[in-house]
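Novice: My structure file upload.cif, mmCIF, C-alpha atoms, is below:
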```
data_protein
loop_
_atom_site.label_atom_id
_atom_site.label_comp_id
_atom_site.auth_asym_id
_atom_site.auth_seq_id
_atom_site.Cartn_x
_atom_site.Cartn_y
_atom_site.Cartn_z
CA MET A 24 103.21 122.79 76.27
CA LYS A 25 102.98 119.99 78.75
CA PRO A 26 106.05 118.25 80.13
CA ALA A 27 106.98 114.98 78.51
CA ALA A 28 105.38 112.33 80.69
CA THR A 29 107.27 109.10 80.86
CA LEU A 30 105.83 105.86 82.01
CA LYS A 31 108.19 104.13 84.39
CA LEU A 32 107.87 100.39 84.75
CA THR A 33 109.72 98.60 87.51
CA THR A 34 109.77 95.17 89.11
CA PRO A 35 110.80 95.99 92.68
CA GLY A 36 109.76 92.76 94.37
CA GLU A 37 109.55 89.25 93.06
CA ARG A 38 105.74 89.39 92.85
CA ASP A 39 105.26 93.04 91.96
CA LEU A 40 105.03 95.11 88.85
CA VAL A 41 104.90 98.88 89.38
CA MET A 42 104.03 101.65 86.95
CA THR A 43 104.42 105.34 87.65
CA ARG A 44 103.40 108.26 85.46
CA VAL A 45 102.52 111.92 85.84
CA PHE A 46 99.38 113.43 84.34
CA ASP A 47 98.83 117.11 83.74
CA ALA A 48 95.47 117.19 85.49
CA PRO A 49 94.02 117.32 89.02
CA ARG A 50 93.67 113.91 90.59
CA LYS A 51 89.88 114.16 90.84
CA LEU A 52 89.81 113.92 87.05
CA VAL A 53 92.33 111.07 86.97
CA PHE A 54 90.25 109.26 89.59
CA ASP A 55 87.08 109.81 87.56
CA ALA A 56 88.82 108.47 84.46
CA HIS A 57 89.52 105.24 86.37
CA THR A 58 86.08 104.81 87.93
CA LYS A 59 83.41 106.12 85.54
CA PRO A 60 82.64 103.57 82.83
CA GLU A 61 81.97 106.13 80.10
CA LEU A 62 85.47 107.49 80.69
CA VAL A 63 87.30 104.20 81.34
CA ARG A 64 86.19 102.72 78.03
CA ARG A 65 87.70 105.66 76.16
CA TRP A 66 91.28 104.99 77.15
CA LEU A 67 91.75 101.57 78.78
CA LEU A 68 91.93 99.78 75.45
CA GLY A 69 95.36 98.25 74.98
CA PRO A 70 96.70 97.80 71.46
CA ALA A 71 95.11 99.48 68.43
CA GLY A 72 92.06 97.71 67.09
CA TRP A 73 90.39 96.89 70.41
CA SER A 74 87.29 98.43 71.91
CA MET A 75 85.56 97.92 75.23
CA PRO A 76 81.90 96.95 74.76
CA VAL A 77 81.46 96.00 78.43
CA CYS A 78 82.58 98.24 81.28
CA GLU A 79 80.64 97.83 84.51
CA ILE A 80 81.78 99.38 87.75
CA ASP A 81 80.11 99.08 91.15
CA LEU A 82 82.35 101.48 93.02
CA ARG A 83 82.04 100.43 96.65
CA VAL A 84 84.02 98.12 98.91
CA GLY A 85 82.92 94.61 98.00
CA GLY A 86 81.48 95.87 94.71
CA LYS A 87 82.47 94.24 91.45
CA TYR A 88 83.79 95.55 88.17
CA ARG A 89 83.85 93.84 84.83
CA TYR A 90 85.65 94.75 81.61
CA VAL A 91 85.33 93.00 78.25
CA TRP A 92 87.43 93.99 75.25
CA GLN A 93 86.68 93.02 71.70
CA HIS A 94 88.87 93.05 68.64
CA ASP A 95 87.22 95.17 65.95
CA ARG A 96 88.14 92.95 63.01
CA ASN A 97 88.16 89.32 64.20
CA GLY A 98 85.71 89.68 67.09
CA THR A 99 88.01 88.04 69.65
CA LYS A 100 86.89 88.82 73.19
CA MET A 101 88.91 89.11 76.35
CA GLY A 102 87.28 89.65 79.72
CA MET A 103 88.42 90.35 83.23
CA GLY A 104 87.00 91.56 86.49
CA GLY A 105 87.37 91.67 90.22
CA VAL A 106 86.20 93.14 93.50
CA TYR A 107 86.99 96.47 95.14
CA ARG A 108 88.76 96.03 98.45
CA GLU A 109 89.49 99.66 99.33
CA ILE A 110 88.23 102.93 97.93
CA LYS A 111 89.41 106.32 99.10
CA ALA A 112 88.31 108.88 96.54
CA PRO A 113 90.15 110.52 94.90
CA GLU A 114 93.44 109.02 96.06
CA ARG A 115 93.44 105.26 96.40
CA ILE A 116 91.78 102.13 95.02
CA VAL A 117 92.65 98.53 95.82
CA ASN A 118 90.99 95.79 93.79
CA THR A 119 91.43 92.17 92.83
CA GLU A 120 91.96 91.31 89.19
CA LYS A 121 91.44 88.10 87.30
CA PHE A 122 91.16 87.37 83.60
CA ASP A 123 88.37 85.04 82.44
CA GLU A 124 90.84 82.75 80.80
CA ALA A 125 93.53 83.14 83.39
CA TRP A 126 96.84 81.70 82.34
CA TYR A 127 98.44 82.25 85.70
CA PRO A 128 97.47 80.95 89.15
CA GLY A 129 95.44 83.01 91.57
CA GLU A 130 94.18 86.56 91.55
CA ALA A 131 96.31 89.64 91.23
CA LEU A 132 95.87 92.58 93.56
CA GLY A 133 96.03 96.04 92.04
CA THR A 134 96.69 99.21 94.06
CA LEU A 135 96.20 102.58 92.44
CA VAL A 136 97.60 105.62 94.27
CA LEU A 137 97.08 109.17 93.02
CA GLU A 138 99.09 112.05 94.47
CA GLU A 139 98.44 115.63 93.44
CA GLN A 140 101.27 118.14 93.22
CA GLY A 141 100.72 121.61 91.79
CA GLY A 142 97.77 120.65 89.65
CA GLN A 143 99.51 117.53 88.33
CA THR A 144 98.85 113.98 89.40
CA ARG A 145 101.40 111.27 89.99
CA LEU A 146 99.91 107.84 89.41
CA THR A 147 101.45 104.73 90.95
CA HIS A 148 99.88 101.45 89.95
CA THR A 149 101.15 98.31 91.66
CA MET A 150 100.16 94.85 90.53
CA ARG A 151 100.92 92.13 93.04
CA TYR A 152 100.63 88.58 91.80
CA GLU A 153 99.99 85.58 93.98
CA SER A 154 103.52 84.31 93.58
CA ALA A 155 106.72 84.93 91.66
CA ALA A 156 105.69 82.01 89.44
CA ALA A 157 102.36 83.71 88.67
CA ARG A 158 104.01 86.96 87.68
CA ASP A 159 106.47 85.06 85.53
CA ALA A 160 103.63 83.17 83.88
CA VAL A 161 102.17 86.52 82.88
CA ILE A 162 105.55 87.59 81.61
CA LYS A 163 106.17 84.41 79.63
CA SER A 164 102.76 84.40 78.07
CA ASN A 165 103.24 87.95 76.89
CA MET A 166 106.67 87.16 75.61
CA GLU A 167 105.40 84.24 73.57
CA SER A 168 102.54 86.15 72.00
CA GLY A 169 104.27 89.47 71.88
CA VAL A 170 105.60 91.37 68.96
CA ALA A 171 109.30 90.64 68.78
CA ALA A 172 111.11 93.77 69.81
CA SER A 173 114.36 94.01 67.95
CA TYR A 174 117.66 94.24 69.69
CA ASP A 175 118.01 97.69 68.17
CA ARG A 176 115.36 98.93 70.56
CA LEU A 177 117.45 97.95 73.54
CA ALA A 178 119.11 101.32 73.93
CA GLU A 179 115.74 103.03 73.67
CA LEU A 180 114.35 100.85 76.42
CA LEU A 181 117.32 101.27 78.70
CA ALA A 182 117.10 105.03 78.34
CA ALA A 183 113.39 104.76 79.21
CA THR A 184 112.44 107.23 76.52
CA PRO A 185 108.77 107.42 75.55
CA ALA A 186 107.86 104.98 72.81
CA THR A 187 106.95 106.54 69.49
CA GLY A 188 105.96 103.45 67.53
CA ARG A 189 103.08 101.08 67.92
CA ALA A 190 103.39 97.63 69.38
CA MET B 14 111.96 79.32 78.12
CA GLN B 15 113.94 79.81 81.26
CA ALA B 16 113.01 79.07 84.84
CA PRO B 17 110.99 81.73 86.68
CA HIS B 18 113.71 82.54 89.15
CA ARG B 19 115.95 83.64 86.31
CA LEU B 20 113.41 86.19 85.17
CA ASP B 21 113.16 87.46 88.74
CA ALA B 22 116.92 87.87 88.82
CA ILE B 23 116.85 89.73 85.51
CA PHE B 24 114.13 92.14 86.59
CA ALA B 25 115.84 92.73 89.92
CA ALA B 26 119.06 93.46 88.06
CA LEU B 27 117.29 95.87 85.69
CA SER B 28 115.60 97.77 88.51
CA ASP B 29 118.70 99.83 89.26
CA PRO B 30 119.63 102.90 87.15
CA THR B 31 123.38 102.33 87.48
CA ARG B 32 123.03 98.76 86.28
CA ARG B 33 120.89 99.89 83.35
CA ALA B 34 123.56 102.43 82.46
CA ILE B 35 126.23 99.70 82.64
CA LEU B 36 124.18 97.56 80.27
CA ALA B 37 123.70 100.48 77.91
CA ARG B 38 127.47 101.00 77.89
CA LEU B 39 128.13 97.30 77.24
CA ALA B 40 125.62 97.34 74.38
CA SER B 41 128.24 99.29 72.41
CA GLY B 42 131.04 96.82 73.16
CA GLU B 43 132.83 94.97 75.94
CA ALA B 44 134.64 96.96 78.62
CA SER B 45 136.85 96.42 81.65
CA VAL B 46 135.73 97.29 85.17
CA THR B 47 138.00 100.35 85.08
CA GLU B 48 136.45 101.55 81.84
CA LEU B 49 132.98 100.94 83.19
CA ALA B 50 133.69 102.85 86.39
CA GLU B 51 134.92 105.96 84.54
CA PRO B 52 131.62 107.64 83.66
CA PHE B 53 130.16 107.01 87.10
CA ALA B 54 131.01 108.81 90.31
CA MET B 55 131.58 105.44 91.89
CA SER B 56 134.43 103.35 93.15
CA GLN B 57 135.51 100.23 91.29
CA PRO B 58 134.32 97.98 94.15
CA ALA B 59 130.89 99.58 93.91
CA ILE B 60 130.81 98.95 90.17
CA SER B 61 132.03 95.40 90.73
CA LYS B 62 129.13 94.83 93.08
CA HIS B 63 126.66 95.92 90.40
CA LEU B 64 128.45 93.72 87.87
CA LYS B 65 128.06 90.72 90.16
CA VAL B 66 124.29 91.24 90.23
CA LEU B 67 124.26 91.49 86.45
CA GLU B 68 126.42 88.36 86.12
CA ARG B 69 124.21 86.36 88.46
CA ALA B 70 121.21 87.29 86.32
CA GLY B 71 123.09 86.04 83.27
CA LEU B 72 122.98 89.48 81.66
CA VAL B 73 126.73 90.01 81.65
CA SER B 74 129.63 87.60 81.19
CA ARG B 75 133.41 87.84 81.32
CA GLY B 76 135.56 87.87 78.21
CA ARG B 77 138.63 85.71 77.66
CA ASP B 78 141.35 88.31 78.20
CA ALA B 79 142.68 87.34 81.63
CA GLN B 80 144.39 90.71 82.18
CA ARG B 81 141.52 93.08 81.43
CA ARG B 82 138.74 90.68 82.32
CA PRO B 83 136.36 92.58 80.08
CA ARG B 84 132.65 92.33 80.73
CA ARG B 85 130.28 91.85 77.87
CA LEU B 86 126.57 91.90 77.37
CA GLU B 87 124.61 88.67 76.95
CA PRO B 88 122.06 90.06 74.51
CA LYS B 89 119.94 86.92 74.28
CA ARG B 90 119.24 86.85 78.00
CA LEU B 91 118.51 90.53 78.10
CA GLY B 92 116.35 90.32 75.01
CA GLU B 93 114.13 87.71 76.64
CA ALA B 94 113.28 89.96 79.53
CA THR B 95 113.23 93.33 77.81
CA LYS B 96 111.04 92.15 74.95
CA TRP B 97 108.19 91.65 77.33
CA LEU B 98 108.83 94.78 79.39
CA GLU B 99 109.00 96.86 76.22
CA ARG B 100 105.74 95.47 74.92
CA TYR B 101 104.01 95.92 78.26
CA ARG B 102 105.29 99.46 78.63
CA ARG B 103 104.19 100.41 75.12
CA LEU B 104 100.77 98.98 75.74
CA TRP B 105 100.30 101.09 78.83
CA GLU B 106 101.92 104.14 77.31
CA GLY B 107 99.31 103.89 74.56
CA ASN B 108 96.57 103.73 77.19
CA TYR B 109 97.99 106.65 79.12
CA GLN B 110 98.40 108.83 76.02
CA ARG B 111 94.71 108.34 75.37
CA LEU B 112 94.09 109.22 79.02
CA ASP B 113 96.14 112.43 78.59
CA ALA B 114 93.86 113.47 75.75
CA LEU B 115 90.75 112.59 77.72
CA LEU B 116 91.95 114.57 80.76
CA ASP B 117 92.63 117.61 78.56
CA GLU B 118 89.08 117.36 77.31
CA LEU B 119 87.67 117.01 80.84
CA LYS B 120 89.59 120.08 82.00
CA THR B 121 87.84 122.28 79.44
CA LYS B 122 84.53 120.43 79.32
CA PRO B 123 83.67 118.99 82.75
CA LEU B 124 81.84 115.70 82.85
CA THR B 125 78.09 116.06 83.13
CA THR B 126 76.91 113.66 85.75
CA GLY B 127 74.25 111.24 84.68
CA ASP B 128 73.96 107.59 83.78
CA ASP B 129 77.34 106.04 84.35
CA ARG B 130 76.69 103.20 81.95
#
```
I'd like the structure from this file rewritten - as structure tokens, please.

Specialist:
Amino acid sequence: MKPAATLKLTTPGERDLVMTRVFDAPRKLVFDAHTKPELVRRWLLGPAGWSMPVCEIDLRVGGKYRYVWQHDRNGTKMGMGGVYREIKAPERIVNTEKFDEAWYPGEALGTLVLEEQGGQTRLTHTMRYESAAARDAVIKSNMESGVAASYDRLAELLAATPATGRA
Amino acid sequence: MQAPHRLDAIFAALSDPTRRAILARLASGEASVTELAEPFAMSQPAISKHLKVLERAGLVSRGRDAQRRPRRLEPKRLGEATKWLERYRRLWEGNYQRLDALLDELKTKPLTTGDDR
């Protein structure tokens, strides 16, 4: 049995959004899963019903990556991409991030840090937006389009227990 | 929709475990500072400090009883912020559960190097 891994989501600074989670695998594998297209497209999919027909990764400083997701039923596409700023395999990646139809100003900067402890890997992913207003634009947009979470789920959220349902 | 700085204040307020615990307590009904301080190994002034942060963010307000000055949750304000956080967290938890499964597979069946596309 593996320990229950809980995704922790925090907003430590006014421009930042930080996720932490532990994976029961060596960090080389976690790094591969973030940098090899045939692996990335198997998990980085978002809500049910989306697939990733385009996943291109040029893993070098200054190299670009491009992801395009497509909704299986209605064909809606959503694309994003950016440039690698730092790569230190298998522990650190810094890259820019911008959606094709960006609804917030500027690029975001993502920093992925992988730390291995006893065969497990702690992942810390920090998204830094250009400004507090940009991060809030992301937040608002998601709130408007998001599935309305009922007030009943409040306690669940506050306790930071793993979600069991589907968004 | 509220001004961006209010969302910042809400997220800053929610970033602390004690403040989240206070909110969880208030979700089951209003409470005085004394009552709120009880379950925590903290002084009342320390709790009051956390309450001030929560009040500034609009997450907690004061009830009418002048003697007890009970604090109560402002669910609408909290709902606005947590709705998004919950959705975002679920989205990524879904991604990471798929990643768990993929990593398990890779541990038993290492990736054969070849065409990355």

Novice: Going by the chain IDs and residue numbers used in this file, which residues fall under the PyMOL selection byres ((chain B) within 7 of (chain A))? Write them as a PDB file with C-alpha atoms, in the frame of the given file.

Specialist:
```pdb
ATOM      1  CA  PRO B  17     110.990  81.730  86.680  1.00  0.00           C
ATOM      2  CA  ASP B  21     113.160  87.460  88.740  1.00  0.00           C
ATOM      3  CA  PHE B  24     114.130  92.140  86.590  1.00  0.00           C
ATOM      4  CA  ALA B  25     115.840  92.730  89.920  1.00  0.00           C
ATOM      5  CA  SER B  28     115.600  97.770  88.510  1.00  0.00           C
ATOM      6  CA  ARG B  33     120.890  99.890  83.350  1.00  0.00           C
ATOM      7  CA  ALA B  37     123.700 100.480  77.910  1.00  0.00           C
ATOM      8  CA  GLY B  92     116.350  90.320  75.010  1.00  0.00           C
ATOM      9  CA  LYS B  96     111.040  92.150  74.950  1.00  0.00           C
ATOM     10  CA  TRP B  97     108.190  91.650  77.330  1.00  0.00           C
ATOM     11  CA  GLU B  99     109.000  96.860  76.220  1.00  0.00           C
ATOM     12  CA  ARG B 100     105.740  95.470  74.920  1.00  0.00           C
ATOM     13  CA  ARG B 102     105.290  99.460  78.630  1.00  0.00           C
ATOM     14  CA  ARG B 103     104.190 100.410  75.120  1.00  0.00           C
ATOM     15  CA  LEU B 104     100.770  98.980  75.740  1.00  0.00           C
ATOM     16  CA  TRP B 105     100.300 101.090  78.830  1.00  0.00           C
ATOM     17  CA  GLU B 106     101.920 104.140  77.310  1.00  0.00           C
ATOM     18  CA  GLY B 107      99.310 103.890  74.560  1.00  0.00           C
ATOM     19  CA  ASN B 108      96.570 103.730  77.190  1.00  0.00           C
ATOM     20  CA  ARG B 111      94.710 108.340  75.370  1.00  0.00           C
ATOM     21  CA  LEU B 112      94.090 109.220  79.020  1.00  0.00           C
ATOM     22  CA  ASP B 113      96.140 112.430  78.590  1.00  0.00           C
ATOM     23  CA  LEU B 116      91.950 114.570  80.760  1.00  0.00           C
ATOM     24  CA  ASP B 129      77.340 106.040  84.350  1.00  0.00           C
ATOM     25  CA  ARG B 130      76.690 103.200  81.950  1.00  0.00           C
TER      26      ARG B 130
END
```

Novice: Using all atoms listed in the file, find the one residue out of B:Tyr109, B:Ile23, B:Glu48, B:Thr95 that sits nearest to Val73 in chain B.

Specialist: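 Looking only at the distances to Val73 in chain B, the closest residue turns out to be B:Ile23.
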
Novice: Measure the distance from CA of Leu82 in chain A to CA of Gly102 in chain A in Å and round it to one decimal.

Specialist: 18.5 Å

Novice: Within 10 Å of Arg85 in chain B, counting only C-alpha atoms, which residues qualify if same-chain residues fewer than 5 places away don't, as a PyMOL selection string?

Specialist: chain B and resi 36+38-45+68+72-76

Novice: Could those residues be written to a file, using C-alpha atoms, as a PDB file, in the coordinates of the input?

Specialist:
```pdb
ATOM      1  CA  LEU B  36     124.180  97.560  80.270  1.00  0.00           C
ATOM      2  CA  ARG B  38     127.470 101.000  77.890  1.00  0.00           C
ATOM      3  CA  LEU B  39     128.130  97.300  77.240  1.00  0.00           C
ATOM      4  CA  ALA B  40     125.620  97.340  74.380  1.00  0.00           C
ATOM      5  CA  SER B  41     128.240  99.290  72.410  1.00  0.00           C
ATOM      6  CA  GLY B  42     131.040  96.820  73.160  1.00  0.00           C
ATOM      7  CA  GLU B  43     132.830  94.970  75.940  1.00  0.00           C
ATOM      8  CA  ALA B  44     134.640  96.960  78.620  1.00  0.00           C
ATOM      9  CA  SER B  45     136.850  96.420  81.650  1.00  0.00           C
ATOM     10  CA  GLU B  68     126.420  88.360  86.120  1.00  0.00           C
ATOM     11  CA  LEU B  72     122.980  89.480  81.660  1.00  0.00           C
ATOM     12  CA  VAL B  73     126.730  90.010  81.650  1.00  0.00           C
ATOM     13  CA  SER B  74     129.630  87.600  81.190  1.00  0.00           C
ATOM     14  CA  ARG B  75     133.410  87.840  81.320  1.00  0.00           C
ATOM     15  CA  GLY B  76     135.560  87.870  78.210  1.00  0.00           C
TER      16      GLY B  76
END
```

Novice: Mind pulling up the distance from CA of Ala131 in chain A to CA of Arg108 in chain A?

Specialist: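 Distance reported for this atom pair: 12.2 Å.
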
Novice: Run through the PyMOL selection byres ((chain A and resi 110) around 12) on the given coordinates and return the selected residues as a ChimeraX atom specification.

Specialist: /A:54,57-58,81-86,106-109,111-118,133-137

Novice: Restrict the selected residues to C-alpha atoms and save them as a short mmCIF file (atom, residue, chain, number, x, y, z; two decimals), keeping the file's coordinate frame.

Specialist:
```cif
data_model
loop_
_atom_site.label_atom_id
_atom_site.label_comp_id
_atom_site.auth_asym_id
_atom_site.auth_seq_id
_atom_site.Cartn_x
_atom_site.Cartn_y
_atom_site.Cartn_z
CA PHE A 54 90.25 109.26 89.59
CA HIS A 57 89.52 105.24 86.37
CA THR A 58 86.08 104.81 87.93
CA ASP A 81 80.11 99.08 91.15
CA LEU A 82 82.35 101.48 93.02
CA ARG A 83 82.04 100.43 96.65
CA VAL A 84 84.02 98.12 98.91
CA GLY A 85 82.92 94.61 98.00
CA GLY A 86 81.48 95.87 94.71
CA VAL A 106 86.20 93.14 93.50
CA TYR A 107 86.99 96.47 95.14
CA ARG A 108 88.76 96.03 98.45
CA GLU A 109 89.49 99.66 99.33
CA LYS A 111 89.41 106.32 99.10
CA ALA A 112 88.31 108.88 96.54
CA PRO A 113 90.15 110.52 94.90
CA GLU A 114 93.44 109.02 96.06
CA ARG A 115 93.44 105.26 96.40
CA ILE A 116 91.78 102.13 95.02
CA VAL A 117 92.65 98.53 95.82
CA ASN A 118 90.99 95.79 93.79
CA GLY A 133 96.03 96.04 92.04
CA THR A 134 96.69 99.21 94.06
CA LEU A 135 96.20 102.58 92.44
CA VAL A 136 97.60 105.62 94.27
CA LEU A 137 97.08 109.17 93.02
#
```

Novice: Calculate how many Å separate CA of Val46 in chain B from CA of Pro83 in chain B, rounding to one decimal.

Specialist: 7.0 Å

Novice: Centre and edge lengths of an axis-aligned box around all listed atoms of range 67-82 of chain B, with 4 Å added on each side, are to be given in Å to one decimal, as AutoDock Vina command-line options.

Specialist:
```
--center_x 132.8 --center_y 89.4 --center_z 83.1 --size_x 31.2 --size_y 15.4 --size_z 18.8
```

Novice: So which one's closest to Glu124 in chain A, A:Ser154, A:Val91, A:Arg50, A:Gly142? Using only C-alpha atoms, please.

Specialist: A:Val91

Novice: Pick out the closest residue to Ala50 in chain B from this set: B:Arg84, B:Lys89, B:Gly71, B:Pro123. Count only C-alpha atoms.

Specialist: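 Checking each candidate against Ala50 in chain B, we get B:Arg84 as the closest.
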